[in-house]
>>> print(open('input_39.cif').read())   # mmCIF, C-alpha atoms
data_work
loop_
_atom_site.label_atom_id
_atom_site.label_comp_id
_atom_site.auth_asym_id
_atom_site.auth_seq_id
_atom_site.Cartn_x
_atom_site.Cartn_y
_atom_site.Cartn_z
CA MET A 1 -42.95 33.99 -0.83
CA LYS A 2 -44.87 30.78 -1.41
CA LYS A 3 -43.50 30.56 -4.98
CA LEU A 4 -39.99 31.00 -3.66
CA SER A 5 -40.48 28.14 -1.18
CA VAL A 6 -41.82 25.84 -3.88
CA LEU A 7 -38.94 26.78 -6.19
CA PHE A 8 -36.39 26.15 -3.42
CA ALA A 9 -37.97 22.75 -2.65
CA ALA A 10 -37.88 21.80 -6.34
CA VAL A 11 -34.22 22.79 -6.68
CA MET A 12 -33.30 20.81 -3.56
CA MET A 13 -35.17 17.76 -4.87
CA PHE A 14 -33.28 17.84 -8.19
CA ALA A 15 -29.96 18.37 -6.40
CA THR A 16 -30.65 15.42 -4.12
CA VAL A 17 -31.56 13.19 -7.06
CA GLY A 18 -28.32 14.24 -8.84
CA VAL A 19 -26.20 13.43 -5.79
CA ALA A 20 -28.04 10.17 -5.22
CA LYS A 21 -26.86 8.91 -8.62
CA ALA A 22 -23.90 7.01 -7.27
CA GLN A 23 -20.68 6.83 -9.21
CA LYS A 24 -19.43 3.34 -9.95
CA VAL A 25 -16.25 2.82 -8.00
CA ALA A 26 -14.15 -0.31 -7.77
CA SER A 27 -10.99 -1.18 -5.95
CA MET A 28 -8.00 -3.11 -7.19
CA ASP A 29 -4.85 -4.42 -5.54
CA TYR A 30 -2.37 -2.84 -7.95
CA GLU A 31 0.75 -4.34 -6.37
CA ILE A 32 -0.60 -7.90 -6.44
CA VAL A 33 -1.50 -7.65 -10.12
CA LEU A 34 1.85 -6.02 -10.92
CA ALA A 35 3.75 -8.75 -9.05
CA ALA A 36 1.77 -11.49 -10.82
CA MET A 37 2.69 -10.27 -14.29
CA PRO A 38 5.31 -12.46 -16.01
CA GLU A 39 7.03 -9.32 -17.32
CA THR A 40 7.60 -8.17 -13.75
CA LYS A 41 9.04 -11.54 -12.76
CA LYS A 42 11.41 -11.51 -15.77
CA MET A 43 12.44 -7.93 -15.05
CA THR A 44 13.17 -8.81 -11.43
CA THR A 45 15.27 -11.81 -12.45
CA ASP A 46 17.19 -9.76 -15.04
CA LEU A 47 17.85 -6.94 -12.59
CA ASP A 48 18.94 -9.38 -9.89
CA THR A 49 21.38 -11.00 -12.31
CA PHE A 50 22.76 -7.63 -13.38
CA SER A 51 23.07 -6.50 -9.77
CA LYS A 52 24.80 -9.71 -8.72
CA THR A 53 27.28 -9.52 -11.61
CA LYS A 54 28.13 -5.89 -10.89
CA GLY A 55 28.36 -6.64 -7.18
CA GLU A 56 30.81 -9.48 -7.77
CA GLU A 57 32.97 -7.26 -10.00
CA LEU A 58 33.00 -4.51 -7.40
CA GLN A 59 33.74 -7.02 -4.63
CA LYS A 60 36.79 -8.31 -6.51
CA GLN A 61 38.09 -4.79 -7.02
CA ALA A 62 37.44 -3.90 -3.38
CA GLU A 63 39.32 -7.01 -2.21
CA ALA A 64 42.27 -6.17 -4.47
CA PHE A 65 42.29 -2.63 -3.12
CA GLN A 66 42.13 -3.91 0.45
CA LYS A 67 45.11 -6.22 -0.15
CA GLU A 68 47.05 -3.31 -1.57
CA VAL A 69 46.25 -1.18 1.49
CA GLN A 70 47.33 -3.99 3.82
CA GLN A 71 50.55 -4.43 1.87
CA TYR A 72 51.23 -0.70 2.13
CA GLN A 73 50.55 -0.76 5.88
CA ALA A 74 52.96 -3.66 6.31
CA GLU A 75 55.73 -2.19 4.17
CA GLY A 76 55.06 1.54 4.60
CA ALA A 77 57.73 1.98 7.25
CA LYS A 78 60.40 0.81 4.81
CA LEU A 79 59.50 3.42 2.18
CA THR A 80 60.97 6.88 1.91
CA GLU A 81 58.75 9.88 2.58
CA ALA A 82 58.38 10.58 -1.14
CA GLN A 83 57.48 6.93 -1.87
CA ARG A 84 54.93 6.92 0.98
CA THR A 85 53.32 10.12 -0.29
CA ALA A 86 53.16 8.75 -3.83
CA LYS A 87 51.70 5.43 -2.65
CA GLU A 88 49.11 7.14 -0.44
CA SER A 89 48.10 9.36 -3.34
CA GLU A 90 47.79 6.30 -5.60
CA LEU A 91 45.68 4.47 -3.00
CA GLN A 92 43.45 7.49 -2.56
CA LYS A 93 42.83 7.67 -6.33
CA LYS A 94 42.03 3.96 -6.42
CA GLN A 95 39.57 4.38 -3.55
CA GLN A 96 37.87 7.28 -5.34
CA ASN A 97 37.69 5.22 -8.55
CA LEU A 98 36.16 2.33 -6.63
CA GLN A 99 33.54 4.62 -5.08
CA GLN A 100 32.79 6.10 -8.50
CA LEU A 101 32.35 2.60 -9.94
CA GLN A 102 29.88 1.78 -7.14
CA THR A 103 27.90 4.94 -7.86
CA THR A 104 27.91 4.21 -11.58
CA ALA A 105 26.71 0.65 -10.96
CA GLN A 106 23.86 1.91 -8.76
CA ASN A 107 22.87 4.48 -11.40
CA ASP A 108 23.01 1.83 -14.15
CA LEU A 109 20.78 -0.45 -12.10
CA ALA A 110 18.27 2.35 -11.48
CA ALA A 111 18.25 3.30 -15.17
CA ARG A 112 17.69 -0.32 -16.21
CA ARG A 113 14.88 -0.69 -13.67
CA ASP A 114 13.19 2.50 -14.86
CA ALA A 115 13.47 1.49 -18.52
CA ALA A 116 12.16 -2.02 -17.82
CA VAL A 117 9.26 -1.03 -15.57
CA LYS A 118 7.80 1.65 -17.87
CA PRO A 119 6.28 -0.71 -20.49
CA ILE A 120 5.01 -3.03 -17.75
CA ILE A 121 3.19 -0.18 -16.01
CA GLU A 122 1.78 1.01 -19.35
CA LYS A 123 0.45 -2.47 -20.10
CA LEU A 124 -1.16 -2.73 -16.66
CA ASN A 125 -2.70 0.73 -16.93
CA LYS A 126 -4.18 -0.12 -20.36
CA ALA A 127 -5.75 -3.27 -18.89
CA VAL A 128 -7.19 -1.25 -15.98
CA ASP A 129 -8.59 1.26 -18.47
CA LYS A 130 -10.25 -1.52 -20.52
CA VAL A 131 -11.77 -3.11 -17.43
CA ALA A 132 -13.05 0.25 -16.19
CA LYS A 133 -14.70 1.04 -19.50
CA ALA A 134 -16.12 -2.46 -19.93
CA ASN A 135 -17.68 -2.45 -16.44
CA GLY A 136 -18.72 1.20 -16.40
CA TYR A 137 -16.43 2.11 -13.51
CA GLU A 138 -15.80 5.80 -13.17
CA PHE A 139 -13.00 5.20 -10.68
CA ILE A 140 -10.73 2.29 -9.81
CA ILE A 141 -8.89 2.97 -6.59
CA ASP A 142 -5.84 1.10 -5.32
CA ALA A 143 -7.04 -1.15 -2.50
CA SER A 144 -3.95 -0.41 -0.40
CA ALA A 145 -5.09 3.21 -0.09
CA LEU A 146 -8.48 2.29 1.34
CA ILE A 147 -9.35 2.22 5.00
CA TYR A 148 -12.71 0.57 4.41
CA LYS A 149 -13.45 -1.52 1.36
CA SER A 150 -16.90 -2.44 0.20
CA GLY A 151 -18.07 -2.85 -3.33
CA PRO A 152 -16.69 -4.37 -6.49
CA ASP A 153 -13.10 -5.58 -6.74
CA ALA A 154 -11.59 -5.08 -10.20
CA THR A 155 -8.49 -7.16 -9.46
CA PRO A 156 -9.81 -10.44 -10.97
CA ALA A 157 -11.08 -8.64 -14.09
CA VAL A 158 -7.73 -6.90 -14.62
CA LYS A 159 -5.87 -10.19 -14.12
CA LYS A 160 -8.16 -11.80 -16.69
CA GLU A 161 -7.56 -8.94 -19.12
CA LEU A 162 -3.81 -9.48 -18.73
CA GLY A 163 -4.18 -13.24 -19.16
CA LEU A 164 -3.01 -14.06 -15.63
#
>>> encode(input="input_39.cif", output="structure tokens")
Amino acid sequence: MKKLSVLFAAVMMFATVGVAKAQKVASMDYEIVLAAMPETKKMTTDLDTFSKTKGEELQKQAEAFQKEVQQYQAEGAKLTEAQRTAKESELQKKQQNLQQLQTTAQNDLAARRDAAVKPIIEKLNKAVDKVAKANGYEFIIDASALIYKSGPDATPAVKKELGL
């Protein structure tokens, strides 16, 4: 029984020593670093320009459609039933085309954003990986996910790695 107690005490001592070896953890404000990258700023400018251009095109088409609807409403009483039906059908098709163009523009914008952000994220993640390895961090946690923050902040090191 005495040997068992000594063995249990020895195992507990080794387990405690193993747990006491703290893992090196750092935090980093991922969004701040991402926003500070020149690639992100250029991407944002390019996407804003694309969005504005598409928006202006769609606005022009919507205004033309609206004028056509107003013209039909003003002159619709003068048309025959067959002409009214044909015009309403034409207006409905134009409205559907306009909605489809809006959906296509939104999808194009999302596709451009996804294609542009992927290499930026990869570059940032490589810098985080280099900083983690260079400083012996086992984990780098996004600071926005932390309730309490104490310990090293990897944000300046990552910014330095990226040349910011």
>>> residues_around(input="input_39.cif", residues="Phe50 of chain A", least_positions_apart="5", cutoff="12 Å", atoms="all atoms listed in the file", output="JSON, numbers by chain")
{"A": [43, 44, 45, 55, 56, 57, 105, 106, 108, 109, 110, 111, 112, 113]}
>>> resolve_selection(input="input_39.cif", expression="the PyMOL selection byres ((chain A and resi 141) around 7)", output="compact mmCIF listing (two decimals) with C-alpha atoms, in the frame of the given file")
# COMPACT_ATOMS: atom_id res chain seq x y z
CA ALA A 26 -14.15 -0.31 -7.77
CA SER A 27 -10.99 -1.18 -5.95
CA MET A 28 -8.00 -3.11 -7.19
CA PHE A 139 -13.00 5.20 -10.68
CA ILE A 140 -10.73 2.29 -9.81
CA ASP A 142 -5.84 1.10 -5.32
CA ALA A 143 -7.04 -1.15 -2.50
>>> residues_around(input="input_39.cif", residues="Glu68 of chain A", least_positions_apart="3", cutoff="12 Å", atoms="all atoms listed in the file", output="PyMOL selection string")
chain A and resi 61-65+71-76+87-88+90-92+94-95
>>> residues_near_point(input="input_39.cif", point="(-17.7, -2.0, -7.0)", cutoff="7 Å", atoms="all atoms listed in the file", output="MDAnalysis selection string")
chainID A and resid 24:27 151:153
>>> residues_near_point(input="input_39.cif", point="(-5.5, -1.4, -11.7)", cutoff="12 Å", atoms="all atoms listed in the file", output="mmCIF file with C-alpha atoms, in the coordinates of the input")
data_model
loop_
_atom_site.group_PDB
_atom_site.id
_atom_site.type_symbol
_atom_site.label_atom_id
_atom_site.label_comp_id
_atom_site.auth_asym_id
_atom_site.auth_seq_id
_atom_site.Cartn_x
_atom_site.Cartn_y
_atom_site.Cartn_z
ATOM 1 C CA ALA A 26 -14.150 -0.310 -7.770
ATOM 2 C CA SER A 27 -10.990 -1.180 -5.950
ATOM 3 C CA MET A 28 -8.000 -3.110 -7.190
ATOM 4 C CA ASP A 29 -4.850 -4.420 -5.540
ATOM 5 C CA TYR A 30 -2.370 -2.840 -7.950
ATOM 6 C CA GLU A 31 0.750 -4.340 -6.370
ATOM 7 C CA ILE A 32 -0.600 -7.900 -6.440
ATOM 8 C CA VAL A 33 -1.500 -7.650 -10.120
ATOM 9 C CA LEU A 34 1.850 -6.020 -10.920
ATOM 10 C CA ILE A 121 3.190 -0.180 -16.010
ATOM 11 C CA GLU A 122 1.780 1.010 -19.350
ATOM 12 C CA LYS A 123 0.450 -2.470 -20.100
ATOM 13 C CA LEU A 124 -1.160 -2.730 -16.660
ATOM 14 C CA ASN A 125 -2.700 0.730 -16.930
ATOM 15 C CA LYS A 126 -4.180 -0.120 -20.360
ATOM 16 C CA ALA A 127 -5.750 -3.270 -18.890
ATOM 17 C CA VAL A 128 -7.190 -1.250 -15.980
ATOM 18 C CA ASP A 129 -8.590 1.260 -18.470
ATOM 19 C CA LYS A 130 -10.250 -1.520 -20.520
ATOM 20 C CA VAL A 131 -11.770 -3.110 -17.430
ATOM 21 C CA ALA A 132 -13.050 0.250 -16.190
ATOM 22 C CA TYR A 137 -16.430 2.110 -13.510
ATOM 23 C CA PHE A 139 -13.000 5.200 -10.680
ATOM 24 C CA ILE A 140 -10.730 2.290 -9.810
ATOM 25 C CA ILE A 141 -8.890 2.970 -6.590
ATOM 26 C CA ASP A 142 -5.840 1.100 -5.320
ATOM 27 C CA ALA A 143 -7.040 -1.150 -2.500
ATOM 28 C CA SER A 144 -3.950 -0.410 -0.400
ATOM 29 C CA ASP A 153 -13.100 -5.580 -6.740
ATOM 30 C CA ALA A 154 -11.590 -5.080 -10.200
ATOM 31 C CA THR A 155 -8.490 -7.160 -9.460
ATOM 32 C CA PRO A 156 -9.810 -10.440 -10.970
ATOM 33 C CA ALA A 157 -11.080 -8.640 -14.090
ATOM 34 C CA VAL A 158 -7.730 -6.900 -14.620
ATOM 35 C CA LYS A 159 -5.870 -10.190 -14.120
ATOM 36 C CA LYS A 160 -8.160 -11.800 -16.690
ATOM 37 C CA GLU A 161 -7.560 -8.940 -19.120
ATOM 38 C CA LEU A 162 -3.810 -9.480 -18.730
#
